[in-house]
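This report refers to the structure that appears directly beneath it.
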Amino acid sequence: MLKSLFIQNFVLIDSLDIQFDGGFSVITGETGAGKSIILGALSLVLGQRADGKSIKNGADKCIIEAVFDISKYQLESFFQENDLEYDHESCILRRELFASGKSRAFINDSPVALPVMKELGGRLIDIHSQHQNLLLGDNRFQLKVVDVMAENEILLILYRKEYNRFQSLQKELKELKDKAAQTKQEEDYIRFQLEQLSEARLIVGEQEDLEQEQETLSHAEEIKSSLYKISELLNGDEMGGLQYIKEALSTADSLEHYFSKAKDISERLRSAYIDLNDLASETDTMREDVEFNPERLEWVNERLNTIYSLQQKHHVSTVEELLDIQSKYEAQLKEIDSFEEQIESLSKQSEVSYKELLQQASVLSNQRKIAAKGMAGQLVDMIIPLGMPNTRFRVDVMAKEEPDNDGMDDIRFMFSANKSGDLQPVAQTASGGEISRLMLCLKAMIAGFTALPTIIFDEVDTGVSGDIADKMGDIMQDLGTKMQVFAITHLPQIAAKGKEHYFVYKEDTSDRTITRIKQLTNEERILEVARMLSGASLTEASMANARELLHLKTN
């Protein structure tokens with residue numbers, strides 16, 4: 001419920017800080033006193049859009065702050081989803097508007113986007129005005145009313161869970177079929193590319209080995225000639241270097257008897273001789289192994305041309321990259337081959353989900369039909385005393401062709417204010433005053449089934465008076481026993497039924513006019529109700545009538 005409202009520098013309001021109680025409260029004041037201004041400020045803190053014109057002349061910014069008791073509304077999930085601090089008892093909504101046109105919104109002192117504030121505001125206060133009466137002709141609103149009366153909350157949660165699952169399966173199935181159709185067109189291309197790569201039988205590291213072998217085969221004669229030359233220079237009969245080293249080693253050995261350092265020379269020469277002798281032997285072997293093989297060179301060239309051609313075609317430079325492409329094509333073909341199996345599996349899951357969905361929708365429909373019959377009679381009983389004695393009302397529950405998020409039902413409120421004639425959709429036949437009274441009765445009915453937000457009735461009693469106004473006041477008063485209710489009214493019959501009475505008035509200062517609101521005492525209430533009865537000039541009769549109305553209220 002709304003516990004307090006603080007307004008600063010808003011239109012004609014300089015500063016206003018008012019506390020509110022639970023139950024049924026009334027707000028009165030002369031036309032133009034500023035009731036709509038207060039309601040406008042409240043709308044802003046509930047998330048409605050605003051501009052710099054809302055700020056009082058001469059002020060840089062205005063502030064509107066509302067404090068709510070949220071202990072009955074189970075809003076913890078909302079605060080968690082929006083990463084907001086949660087207090088299970090109290091919530092503060094604050095809006096700041098700047099002369100520049102900018103604005104800021106806060107929930108429990110945390111800045112939030114306006115849609116977040118608007119969503120929360122809609123759960124806390126329902127401002128019921130003539131404009132909102134248009135909802136009564138909305139089929140979705142009518143469906144929500146029936147679901148509340150049928151207490152379908154748990155059934156709807158289960159149904160929507162299955163509906164979302166079915167929708168997800170349908171979406172997945174469509175995407176899979178689209179993908180299968182698209183890849184089917186590419187299948188021949190993929191198979192051709194994969195066939196080329198597979199036939200190449202590529203091996204990691206193969207390219208480097210072949211390129212080296214190609215170089216060797218292409219220069220076989222040069223390699224053999226050079227190796228022969230190295231072998232002759234090392235171990236030739238006439239000029240081999242090994243002969244000279246061997247002779248140097250023999251000379252160093254002969255020096256060891258009288259020159260101590262000759263031993264080191266001998267060892268180093270011996271080591272060099274052994275290494276070079278091995279090298280000479282290996283060079284001979286290498287020379288024998290090198291052979292000019294035109295057939296092998298031709299094969300190597302062809303093999304490399306195959307690799308180079310594939311690399312150029314696929315815009316890569318290594319065999320490893322070609323093998324990656326080959327793996328990708330293999331995976332794509334495997335997926336293409338499995339599409340039929342996947343589609344069949346998803347289709348079966350979708351069929352099972354659809355059957356379950358239809359079954360749950362049938363349960364919902366039965367509950368709605370039972371509730372529709374009961375609420376039609378209850379609403380007629382409530383509305384007849386409100387000056388509509390010949391009212392006929394029926395709730396039609398019609399089947400849709402396909403299920404949607406709310407089930408498989410279309411709800412239509414059928415209405416007639418006359419004894420004769422066919423019932424027609426309420427939006428087509430009911431007048432504004434009739435719709436207003438219908439909405440009042442509907443909200444009174446559903447208040448017993450769910451925790452409704454605070455309701456503010458903004459002059460919904462327009463066009464009624466006397467006994468009808470008294471009956472409307474009784475309904476609002478009874479509604480106030482279940483929740484917090486405000487009525488902005490010009491009717492004394494309704495004003496007298498409020499548990500609390502707030503009076504909106506204008507006050508003139510030396511340089512401006514400002515709007516104020518105050519909670520009336522019992523004596524002040526008598527004067528205000530008397531004024532509403534007789535106008536500007538109070539009479540003994542109006543005062544006595546006011547006391548009587550208020551006395552009836554207190555009894």
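Identifiers in this document derive from the order of the structure tokens: chains are assigned A, B, ..., residues are numbered from 1 separately in each chain, and ligands are numbered from 1 in order of occurrence.
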
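If you count only C-alpha atoms and ignore residues fewer than 3 places along the chain from A:Cys62, what sits within 10 Å of it is Ile7, Gln8, Asn9, Phe10, Val11, Ile13, Asp14, Ser15, Ala41, Gly52, Ser54, Ile55, Lys56, Ala59, Arg95, Glu96, Leu97, Phe98, Ala99 and Ser103 of chain A.
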
Next, the residues of the selection above should be written as a PDB file, in the first residue's frame with C-alpha atoms.
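Dumped everything to again-v2.pdb:
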```pdb
ATOM      1  CA  ILE A   7       6.282  16.236  -3.877  1.00  0.00           C
ATOM      2  CA  GLN A   8       8.583  19.226  -4.321  1.00  0.00           C
ATOM      3  CA  ASN A   9       8.512  21.912  -7.050  1.00  0.00           C
ATOM      4  CA  PHE A  10       5.907  20.182  -9.235  1.00  0.00           C
ATOM      5  CA  VAL A  11       3.597  22.514 -11.223  1.00  0.00           C
ATOM      6  CA  ILE A  13       3.048  22.366  -5.622  1.00  0.00           C
ATOM      7  CA  ASP A  14       5.825  24.021  -3.649  1.00  0.00           C
ATOM      8  CA  SER A  15       6.335  21.259  -1.110  1.00  0.00           C
ATOM      9  CA  ALA A  41       2.868  13.591  -9.806  1.00  0.00           C
ATOM     10  CA  GLY A  52      10.511  20.095 -18.132  1.00  0.00           C
ATOM     11  CA  SER A  54       6.164  19.721 -15.026  1.00  0.00           C
ATOM     12  CA  ILE A  55       8.660  21.706 -12.946  1.00  0.00           C
ATOM     13  CA  LYS A  56       7.420  24.702 -10.964  1.00  0.00           C
ATOM     14  CA  ALA A  59      12.911  25.793  -9.935  1.00  0.00           C
ATOM     15  CA  ARG A  95      11.705  10.493  -9.585  1.00  0.00           C
ATOM     16  CA  GLU A  96      13.774  13.615 -10.253  1.00  0.00           C
ATOM     17  CA  LEU A  97      12.943  15.941 -13.158  1.00  0.00           C
ATOM     18  CA  PHE A  98      15.306  18.679 -14.304  1.00  0.00           C
ATOM     19  CA  ALA A  99      14.528  21.930 -16.084  1.00  0.00           C
ATOM     20  CA  SER A 103      15.042  12.904 -15.536  1.00  0.00           C
TER      21      SER A 103
END
```

message = Based on the backbone DSSP call, show me all residues of stretch 320-552 of chain A assigned helix (DSSP H, G or I), as a PyMOL selection string.
response = chain A and resi 320-386+426-429+432-446+466-479+492-495+522-534+540-552

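For A:Ile127, the residues within 12 Å (counting only C-alpha atoms, excluding itself and residues fewer than 2 positions away along the chain) are A:Ser36, A:Leu39, A:Gly40, A:Leu42, A:Ser43, A:Leu46, A:Gly121, A:Gly122, A:Arg123, A:Leu124, A:Ile125, A:Ser129, A:Gln130, A:His131, A:Gln132, A:Asn133, A:Leu452, A:Pro453, A:Thr454, A:Ile455, A:Ile456, A:Phe457, A:Asp458, A:Glu459, A:Val460, A:Val485, A:Phe486, A:Ala487, A:Ile488.
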
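From atom CA of A:Gly137 back to atom CA of A:Leu358, the distance works out to 27.3 Å.
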
Please produce, as CSV, a per-residue contact table for stretch 228-317 of chain A versus stretch 202-224 of chain A (criterion: any atom at most 10 Å away, only C-alpha atoms considered), showing the nearest atom pair and its distance in Å to one decimal, sorted by chain then residue number.
```
residue,atom,partner,partner_atom,distance
A:Tyr228,CA,A:Lys224,CA,6.1
A:Lys229,CA,A:Lys224,CA,8.6
A:Ile230,CA,A:Lys224,CA,9.9
A:Thr283,CA,A:Lys224,CA,9.6
A:Asp284,CA,A:Lys224,CA,9.4
A:Met286,CA,A:Lys224,CA,8.2
A:Arg287,CA,A:Lys224,CA,5.2
A:Glu288,CA,A:Lys224,CA,7.9
A:Asp289,CA,A:Lys224,CA,9.0
A:Val290,CA,A:Ala220,CA,6.3
A:Glu291,CA,A:Ala220,CA,6.2
A:Phe292,CA,A:Ala220,CA,5.3
A:Asn293,CA,A:Leu217,CA,6.8
A:Pro294,CA,A:Leu217,CA,7.9
A:Arg296,CA,A:Leu217,CA,8.0
A:Leu297,CA,A:Leu217,CA,6.0
A:Glu298,CA,A:Gln214,CA,9.1
A:Trp299,CA,A:Gln214,CA,9.6
A:Val300,CA,A:Leu210,CA,6.4
A:Asn301,CA,A:Gln214,CA,7.1
A:Arg303,CA,A:Leu210,CA,8.1
A:Leu304,CA,A:Gln207,CA,7.0
A:Thr306,CA,A:Leu202,CA,10.0
A:Ile307,CA,A:Gln207,CA,7.6
A:Tyr308,CA,A:Gln207,CA,9.2
```

Pull N, CA and C atoms from the residues just selected and write them as a PDB file, in the first residue's frame.
```
ATOM      1  N   TYR A 228      82.251 -36.670 -54.596  1.00  0.00           N
ATOM      2  CA  TYR A 228      83.458 -37.339 -55.060  1.00  0.00           C
ATOM      3  C   TYR A 228      84.689 -36.463 -54.817  1.00  0.00           C
ATOM      4  N   LYS A 229      84.539 -35.191 -55.117  1.00  0.00           N
ATOM      5  CA  LYS A 229      85.632 -34.253 -54.920  1.00  0.00           C
ATOM      6  C   LYS A 229      86.035 -34.178 -53.453  1.00  0.00           C
ATOM      7  N   ILE A 230      85.012 -34.120 -52.550  1.00  0.00           N
ATOM      8  CA  ILE A 230      85.295 -34.075 -51.110  1.00  0.00           C
ATOM      9  C   ILE A 230      86.039 -35.328 -50.698  1.00  0.00           C
ATOM     10  N   THR A 283      81.102 -39.946 -46.817  1.00  0.00           N
ATOM     11  CA  THR A 283      80.943 -39.237 -48.085  1.00  0.00           C
ATOM     12  C   THR A 283      80.907 -40.221 -49.248  1.00  0.00           C
ATOM     13  N   ASP A 284      81.709 -41.231 -49.200  1.00  0.00           N
ATOM     14  CA  ASP A 284      81.697 -42.271 -50.236  1.00  0.00           C
ATOM     15  C   ASP A 284      80.337 -42.971 -50.278  1.00  0.00           C
ATOM     16  N   MET A 286      77.458 -41.783 -49.169  1.00  0.00           N
ATOM     17  CA  MET A 286      76.463 -40.833 -49.678  1.00  0.00           C
ATOM     18  C   MET A 286      76.521 -40.751 -51.193  1.00  0.00           C
ATOM     19  N   ARG A 287      77.702 -40.705 -51.736  1.00  0.00           N
ATOM     20  CA  ARG A 287      77.869 -40.589 -53.175  1.00  0.00           C
ATOM     21  C   ARG A 287      77.281 -41.803 -53.893  1.00  0.00           C
ATOM     22  N   GLU A 288      77.430 -42.971 -53.255  1.00  0.00           N
ATOM     23  CA  GLU A 288      76.886 -44.185 -53.860  1.00  0.00           C
ATOM     24  C   GLU A 288      75.351 -44.175 -53.802  1.00  0.00           C
ATOM     25  N   ASP A 289      74.836 -43.551 -52.675  1.00  0.00           N
ATOM     26  CA  ASP A 289      73.372 -43.547 -52.498  1.00  0.00           C
ATOM     27  C   ASP A 289      72.654 -42.575 -53.433  1.00  0.00           C
ATOM     28  N   VAL A 290      73.344 -41.499 -53.800  1.00  0.00           N
ATOM     29  CA  VAL A 290      72.714 -40.494 -54.662  1.00  0.00           C
ATOM     30  C   VAL A 290      72.653 -41.036 -56.083  1.00  0.00           C
ATOM     31  N   GLU A 291      71.416 -41.044 -56.590  1.00  0.00           N
ATOM     32  CA  GLU A 291      71.223 -41.594 -57.931  1.00  0.00           C
ATOM     33  C   GLU A 291      70.232 -40.725 -58.694  1.00  0.00           C
ATOM     34  N   PHE A 292      70.511 -40.393 -59.872  1.00  0.00           N
ATOM     35  CA  PHE A 292      69.578 -39.630 -60.701  1.00  0.00           C
ATOM     36  C   PHE A 292      68.486 -40.575 -61.180  1.00  0.00           C
ATOM     37  N   ASN A 293      67.212 -40.242 -60.717  1.00  0.00           N
ATOM     38  CA  ASN A 293      66.066 -41.118 -61.004  1.00  0.00           C
ATOM     39  C   ASN A 293      64.968 -40.263 -61.625  1.00  0.00           C
ATOM     40  N   PRO A 294      64.920 -40.169 -62.944  1.00  0.00           N
ATOM     41  CA  PRO A 294      63.918 -39.318 -63.610  1.00  0.00           C
ATOM     42  C   PRO A 294      62.486 -39.702 -63.276  1.00  0.00           C
ATOM     43  N   ARG A 296      61.381 -41.109 -60.463  1.00  0.00           N
ATOM     44  CA  ARG A 296      61.054 -40.653 -59.102  1.00  0.00           C
ATOM     45  C   ARG A 296      60.873 -39.135 -59.080  1.00  0.00           C
ATOM     46  N   LEU A 297      61.713 -38.408 -59.800  1.00  0.00           N
ATOM     47  CA  LEU A 297      61.595 -36.945 -59.839  1.00  0.00           C
ATOM     48  C   LEU A 297      60.266 -36.537 -60.450  1.00  0.00           C
ATOM     49  N   GLU A 298      59.852 -37.247 -61.490  1.00  0.00           N
ATOM     50  CA  GLU A 298      58.568 -36.940 -62.121  1.00  0.00           C
ATOM     51  C   GLU A 298      57.424 -37.155 -61.131  1.00  0.00           C
ATOM     52  N   TRP A 299      57.513 -38.278 -60.374  1.00  0.00           N
ATOM     53  CA  TRP A 299      56.454 -38.561 -59.387  1.00  0.00           C
ATOM     54  C   TRP A 299      56.407 -37.488 -58.301  1.00  0.00           C
ATOM     55  N   VAL A 300      57.597 -37.098 -57.826  1.00  0.00           N
ATOM     56  CA  VAL A 300      57.664 -36.064 -56.770  1.00  0.00           C
ATOM     57  C   VAL A 300      57.081 -34.758 -57.279  1.00  0.00           C
ATOM     58  N   ASN A 301      57.433 -34.392 -58.500  1.00  0.00           N
ATOM     59  CA  ASN A 301      56.905 -33.140 -59.077  1.00  0.00           C
ATOM     60  C   ASN A 301      55.376 -33.191 -59.191  1.00  0.00           C
ATOM     61  N   ARG A 303      53.372 -35.048 -57.427  1.00  0.00           N
ATOM     62  CA  ARG A 303      52.786 -35.044 -56.078  1.00  0.00           C
ATOM     63  C   ARG A 303      52.761 -33.620 -55.507  1.00  0.00           C
ATOM     64  N   LEU A 304      53.839 -32.906 -55.686  1.00  0.00           N
ATOM     65  CA  LEU A 304      53.892 -31.523 -55.196  1.00  0.00           C
ATOM     66  C   LEU A 304      52.910 -30.640 -55.952  1.00  0.00           C
ATOM     67  N   THR A 306      50.076 -31.560 -57.124  1.00  0.00           N
ATOM     68  CA  THR A 306      48.749 -31.857 -56.551  1.00  0.00           C
ATOM     69  C   THR A 306      48.537 -31.071 -55.264  1.00  0.00           C
ATOM     70  N   ILE A 307      49.569 -31.077 -54.407  1.00  0.00           N
ATOM     71  CA  ILE A 307      49.469 -30.360 -53.118  1.00  0.00           C
ATOM     72  C   ILE A 307      49.340 -28.861 -53.357  1.00  0.00           C
ATOM     73  N   TYR A 308      50.214 -28.324 -54.256  1.00  0.00           N
ATOM     74  CA  TYR A 308      50.174 -26.871 -54.526  1.00  0.00           C
ATOM     75  C   TYR A 308      48.820 -26.459 -55.118  1.00  0.00           C
TER      76      TYR A 308
END
```

Residues near stretch 393-406 of chain A, cut-off 6 Å, only C-alpha atoms, skip fewer than 5 positions along chain, as number ranges by chain = A: 372, 376, 411-415

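Put simply, atom CA of A:Asp126 is 17.0 Å away from atom CA of A:Gln74.
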
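Residues in contact with A:Lys263 at up to 12 Å, not including ones fewer than 6 positions away on its chain and judged by only C-alpha atoms, are Leu249, Ser250, Thr251, Ala252, Asp253, Ser254, Leu255, Glu256, His257, Leu269 and Arg270 of chain A.
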
Now that the selection is made, can you save its residues with N, CA and C atoms as a PDB file, in the first residue's frame?
```
ATOM      1  N   LEU A 249     100.977 -36.592 -37.834  1.00  0.00           N
ATOM      2  CA  LEU A 249     100.812 -37.329 -36.583  1.00  0.00           C
ATOM      3  C   LEU A 249     102.072 -38.136 -36.280  1.00  0.00           C
ATOM      4  N   SER A 250     102.645 -38.765 -37.290  1.00  0.00           N
ATOM      5  CA  SER A 250     103.855 -39.561 -37.100  1.00  0.00           C
ATOM      6  C   SER A 250     105.010 -38.678 -36.643  1.00  0.00           C
ATOM      7  N   THR A 251     105.101 -37.478 -37.229  1.00  0.00           N
ATOM      8  CA  THR A 251     106.171 -36.532 -36.855  1.00  0.00           C
ATOM      9  C   THR A 251     105.990 -36.088 -35.415  1.00  0.00           C
ATOM     10  N   ALA A 252     104.749 -35.790 -34.982  1.00  0.00           N
ATOM     11  CA  ALA A 252     104.490 -35.344 -33.604  1.00  0.00           C
ATOM     12  C   ALA A 252     104.815 -36.453 -32.613  1.00  0.00           C
ATOM     13  N   ASP A 253     104.532 -37.719 -33.002  1.00  0.00           N
ATOM     14  CA  ASP A 253     104.830 -38.832 -32.094  1.00  0.00           C
ATOM     15  C   ASP A 253     106.339 -38.939 -31.844  1.00  0.00           C
ATOM     16  N   SER A 254     107.132 -38.642 -32.895  1.00  0.00           N
ATOM     17  CA  SER A 254     108.588 -38.764 -32.731  1.00  0.00           C
ATOM     18  C   SER A 254     109.166 -37.663 -31.846  1.00  0.00           C
ATOM     19  N   LEU A 255     108.402 -36.598 -31.608  1.00  0.00           N
ATOM     20  CA  LEU A 255     108.885 -35.492 -30.770  1.00  0.00           C
ATOM     21  C   LEU A 255     108.620 -35.711 -29.277  1.00  0.00           C
ATOM     22  N   GLU A 256     107.800 -36.692 -28.962  1.00  0.00           N
ATOM     23  CA  GLU A 256     107.347 -36.843 -27.577  1.00  0.00           C
ATOM     24  C   GLU A 256     108.511 -37.127 -26.626  1.00  0.00           C
ATOM     25  N   HIS A 257     109.638 -37.763 -27.117  1.00  0.00           N
ATOM     26  CA  HIS A 257     110.735 -38.158 -26.225  1.00  0.00           C
ATOM     27  C   HIS A 257     111.505 -36.969 -25.717  1.00  0.00           C
ATOM     28  N   LEU A 269      95.876 -34.241 -33.418  1.00  0.00           N
ATOM     29  CA  LEU A 269      95.995 -34.706 -34.794  1.00  0.00           C
ATOM     30  C   LEU A 269      95.314 -36.072 -34.964  1.00  0.00           C
ATOM     31  N   ARG A 270      95.441 -36.928 -33.923  1.00  0.00           N
ATOM     32  CA  ARG A 270      94.838 -38.270 -33.981  1.00  0.00           C
ATOM     33  C   ARG A 270      93.311 -38.151 -34.025  1.00  0.00           C
TER      34      ARG A 270
END
```

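For the pair atom CA of A:Asp109 and atom CA of A:Ile38, the separation is 22.3 Å.
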
key: Residue nearest A:Leu173 - candidates A:Gln360, A:Ser25, A:Thr489, A:Gln349, atoms counted: only C-alpha atoms   = A:Gln349

request  = List every residue of stretch 42-245 of chain A that DSSP, applied to the backbone of this structure, assigns to strand (DSSP E), and report them as an NGL selection string.
outcome  = :A and (61-69 or 90-98 or 103-107 or 110-112 or 125-128)

Go ahead and dump the residues you just picked, N, CA and C atoms, as a PDB file, in the first residue's frame.
```pdb
ATOM      1  N   LYS A  61      14.777  21.809 -10.457  1.00  0.00           N
ATOM      2  CA  LYS A  61      14.321  20.417 -10.572  1.00  0.00           C
ATOM      3  C   LYS A  61      13.179  20.176  -9.605  1.00  0.00           C
ATOM      4  N   CYS A  62      12.435  19.099  -9.870  1.00  0.00           N
ATOM      5  CA  CYS A  62      11.396  18.689  -8.922  1.00  0.00           C
ATOM      6  C   CYS A  62      11.656  17.249  -8.500  1.00  0.00           C
ATOM      7  N   ILE A  63      11.179  16.924  -7.316  1.00  0.00           N
ATOM      8  CA  ILE A  63      11.369  15.586  -6.746  1.00  0.00           C
ATOM      9  C   ILE A  63      10.015  15.031  -6.339  1.00  0.00           C
ATOM     10  N   ILE A  64       9.771  13.788  -6.694  1.00  0.00           N
ATOM     11  CA  ILE A  64       8.564  13.084  -6.277  1.00  0.00           C
ATOM     12  C   ILE A  64       9.017  11.756  -5.680  1.00  0.00           C
ATOM     13  N   GLU A  65       8.589  11.483  -4.458  1.00  0.00           N
ATOM     14  CA  GLU A  65       9.007  10.255  -3.780  1.00  0.00           C
ATOM     15  C   GLU A  65       7.812   9.588  -3.129  1.00  0.00           C
ATOM     16  N   ALA A  66       7.644   8.303  -3.381  1.00  0.00           N
ATOM     17  CA  ALA A  66       6.537   7.537  -2.802  1.00  0.00           C
ATOM     18  C   ALA A  66       7.096   6.343  -2.043  1.00  0.00           C
ATOM     19  N   VAL A  67       6.570   6.132  -0.843  1.00  0.00           N
ATOM     20  CA  VAL A  67       6.994   4.997  -0.010  1.00  0.00           C
ATOM     21  C   VAL A  67       5.842   4.001   0.066  1.00  0.00           C
ATOM     22  N   PHE A  68       6.150   2.725  -0.173  1.00  0.00           N
ATOM     23  CA  PHE A  68       5.125   1.679  -0.211  1.00  0.00           C
ATOM     24  C   PHE A  68       5.430   0.574   0.801  1.00  0.00           C
ATOM     25  N   ASP A  69       4.380  -0.006   1.303  1.00  0.00           N
ATOM     26  CA  ASP A  69       4.464  -1.257   2.052  1.00  0.00           C
ATOM     27  C   ASP A  69       4.215  -2.380   1.039  1.00  0.00           C
ATOM     28  N   SER A  90       9.313  -2.674   2.833  1.00  0.00           N
ATOM     29  CA  SER A  90       9.208  -1.288   2.345  1.00  0.00           C
ATOM     30  C   SER A  90       9.929  -1.098   1.015  1.00  0.00           C
ATOM     31  N   CYS A  91       9.400  -0.197   0.197  1.00  0.00           N
ATOM     32  CA  CYS A  91      10.011   0.135  -1.087  1.00  0.00           C
ATOM     33  C   CYS A  91       9.846   1.630  -1.346  1.00  0.00           C
ATOM     34  N   ILE A  92      10.913   2.279  -1.807  1.00  0.00           N
ATOM     35  CA  ILE A  92      10.871   3.714  -2.081  1.00  0.00           C
ATOM     36  C   ILE A  92      11.087   3.948  -3.570  1.00  0.00           C
ATOM     37  N   LEU A  93      10.133   4.633  -4.193  1.00  0.00           N
ATOM     38  CA  LEU A  93      10.247   5.038  -5.595  1.00  0.00           C
ATOM     39  C   LEU A  93      10.477   6.542  -5.624  1.00  0.00           C
ATOM     40  N   ARG A  94      11.508   6.967  -6.350  1.00  0.00           N
ATOM     41  CA  ARG A  94      11.804   8.407  -6.427  1.00  0.00           C
ATOM     42  C   ARG A  94      12.056   8.807  -7.874  1.00  0.00           C
ATOM     43  N   ARG A  95      11.527   9.954  -8.233  1.00  0.00           N
ATOM     44  CA  ARG A  95      11.705  10.493  -9.585  1.00  0.00           C
ATOM     45  C   ARG A  95      12.206  11.924  -9.460  1.00  0.00           C
ATOM     46  N   GLU A  96      13.229  12.252 -10.233  1.00  0.00           N
ATOM     47  CA  GLU A  96      13.774  13.615 -10.253  1.00  0.00           C
ATOM     48  C   GLU A  96      13.700  14.140 -11.680  1.00  0.00           C
ATOM     49  N   LEU A  97      13.061  15.297 -11.850  1.00  0.00           N
ATOM     50  CA  LEU A  97      12.943  15.941 -13.158  1.00  0.00           C
ATOM     51  C   LEU A  97      13.732  17.234 -13.141  1.00  0.00           C
ATOM     52  N   PHE A  98      14.473  17.484 -14.217  1.00  0.00           N
ATOM     53  CA  PHE A  98      15.306  18.679 -14.304  1.00  0.00           C
ATOM     54  C   PHE A  98      14.765  19.637 -15.359  1.00  0.00           C
ATOM     55  N   SER A 103      15.669  13.438 -16.743  1.00  0.00           N
ATOM     56  CA  SER A 103      15.042  12.904 -15.536  1.00  0.00           C
ATOM     57  C   SER A 103      15.816  11.686 -15.066  1.00  0.00           C
ATOM     58  N   ARG A 104      15.650  11.378 -13.784  1.00  0.00           N
ATOM     59  CA  ARG A 104      16.274  10.192 -13.194  1.00  0.00           C
ATOM     60  C   ARG A 104      15.231   9.445 -12.380  1.00  0.00           C
ATOM     61  N   ALA A 105      15.360   8.110 -12.367  1.00  0.00           N
ATOM     62  CA  ALA A 105      14.427   7.269 -11.613  1.00  0.00           C
ATOM     63  C   ALA A 105      15.219   6.385 -10.660  1.00  0.00           C
ATOM     64  N   PHE A 106      14.674   6.191  -9.455  1.00  0.00           N
ATOM     65  CA  PHE A 106      15.356   5.398  -8.437  1.00  0.00           C
ATOM     66  C   PHE A 106      14.361   4.452  -7.770  1.00  0.00           C
ATOM     67  N   ILE A 107      14.830   3.243  -7.487  1.00  0.00           N
ATOM     68  CA  ILE A 107      14.084   2.298  -6.661  1.00  0.00           C
ATOM     69  C   ILE A 107      14.992   1.919  -5.509  1.00  0.00           C
ATOM     70  N   SER A 110      18.542   3.061  -5.822  1.00  0.00           N
ATOM     71  CA  SER A 110      19.352   2.562  -6.940  1.00  0.00           C
ATOM     72  C   SER A 110      18.786   3.114  -8.239  1.00  0.00           C
ATOM     73  N   PRO A 111      19.621   3.719  -9.091  1.00  0.00           N
ATOM     74  CA  PRO A 111      19.107   4.248 -10.367  1.00  0.00           C
ATOM     75  C   PRO A 111      18.599   3.120 -11.262  1.00  0.00           C
ATOM     76  N   VAL A 112      17.461   3.357 -11.920  1.00  0.00           N
ATOM     77  CA  VAL A 112      16.867   2.340 -12.797  1.00  0.00           C
ATOM     78  C   VAL A 112      16.358   3.003 -14.070  1.00  0.00           C
ATOM     79  N   ILE A 125       0.268   0.294  -7.799  1.00  0.00           N
ATOM     80  CA  ILE A 125      -0.906   1.177  -7.833  1.00  0.00           C
ATOM     81  C   ILE A 125      -1.634   1.015  -9.165  1.00  0.00           C
ATOM     82  N   ASP A 126      -2.944   0.940  -9.066  1.00  0.00           N
ATOM     83  CA  ASP A 126      -3.814   0.887 -10.240  1.00  0.00           C
ATOM     84  C   ASP A 126      -4.644   2.170 -10.229  1.00  0.00           C
ATOM     85  N   ILE A 127      -4.306   3.098 -11.129  1.00  0.00           N
ATOM     86  CA  ILE A 127      -5.065   4.346 -11.207  1.00  0.00           C
ATOM     87  C   ILE A 127      -6.240   4.123 -12.146  1.00  0.00           C
ATOM     88  N   HIS A 128      -7.420   4.007 -11.560  1.00  0.00           N
ATOM     89  CA  HIS A 128      -8.620   3.683 -12.331  1.00  0.00           C
ATOM     90  C   HIS A 128      -9.335   4.982 -12.717  1.00  0.00           C
TER      91      HIS A 128
END
```

task = List the neighbours of A:Gly463 out to 12 Å using only C-alpha atoms; skip same-chain residues closer than 5 positions along the sequence, and give me the result as a ChimeraX atom specification.
result = /A:130,386-387,431-434,436-437,468-469,489-491

task = Write out as an MDAnalysis selection string the residues lying within 12 Å of stretch 155-166 of chain A, counting only C-alpha atoms and excluding same-chain residues fewer than 5 positions away.
result = chainID A and resid 143:144 147:148 150 171:173 346:368 402:408

Restricting it to C-alpha atoms, dump the selection as a compact mmCIF listing (two decimals), in the first residue's frame.
```txt
# COMPACT_ATOMS: atom_id res chain seq x y z
CA LEU A 143 -9.42 -13.17 -20.08
CA LYS A 144 -7.27 -12.04 -17.14
CA ASP A 147 -8.51 -16.38 -14.89
CA VAL A 148 -8.38 -14.51 -11.59
CA ALA A 150 -11.09 -19.18 -11.80
CA LYS A 171 11.60 -23.07 -33.64
CA GLU A 172 14.41 -25.60 -33.41
CA LEU A 173 12.64 -27.88 -35.88
CA LEU A 346 12.43 -33.35 -32.97
CA SER A 347 9.12 -33.93 -34.77
CA LYS A 348 8.21 -36.68 -32.31
CA GLN A 349 9.13 -34.49 -29.32
CA SER A 350 7.05 -31.65 -30.78
CA GLU A 351 4.04 -33.93 -31.27
CA VAL A 352 4.23 -35.15 -27.66
CA SER A 353 4.53 -31.57 -26.40
CA TYR A 354 1.57 -30.45 -28.52
CA LYS A 355 -0.66 -33.21 -27.15
CA GLU A 356 0.33 -32.25 -23.60
CA LEU A 357 -0.35 -28.60 -24.44
CA LEU A 358 -3.83 -29.37 -25.74
CA GLN A 359 -4.59 -31.39 -22.64
CA GLN A 360 -3.54 -28.56 -20.33
CA ALA A 361 -5.43 -26.02 -22.47
CA SER A 362 -8.55 -28.19 -22.07
CA VAL A 363 -8.22 -28.10 -18.29
CA LEU A 364 -7.86 -24.31 -18.42
CA SER A 365 -10.93 -24.00 -20.64
CA ASN A 366 -13.08 -26.06 -18.27
CA GLN A 367 -12.01 -23.93 -15.31
CA ARG A 368 -12.77 -20.75 -17.25
CA GLU A 402 -4.47 -22.97 -32.26
CA PRO A 403 -3.07 -22.54 -28.73
CA ASP A 404 -1.24 -19.37 -27.76
CA ASN A 405 0.44 -18.09 -24.59
CA ASP A 406 -2.90 -17.91 -22.72
CA GLY A 407 -4.45 -21.19 -23.84
CA MET A 408 -7.04 -21.88 -26.50
```
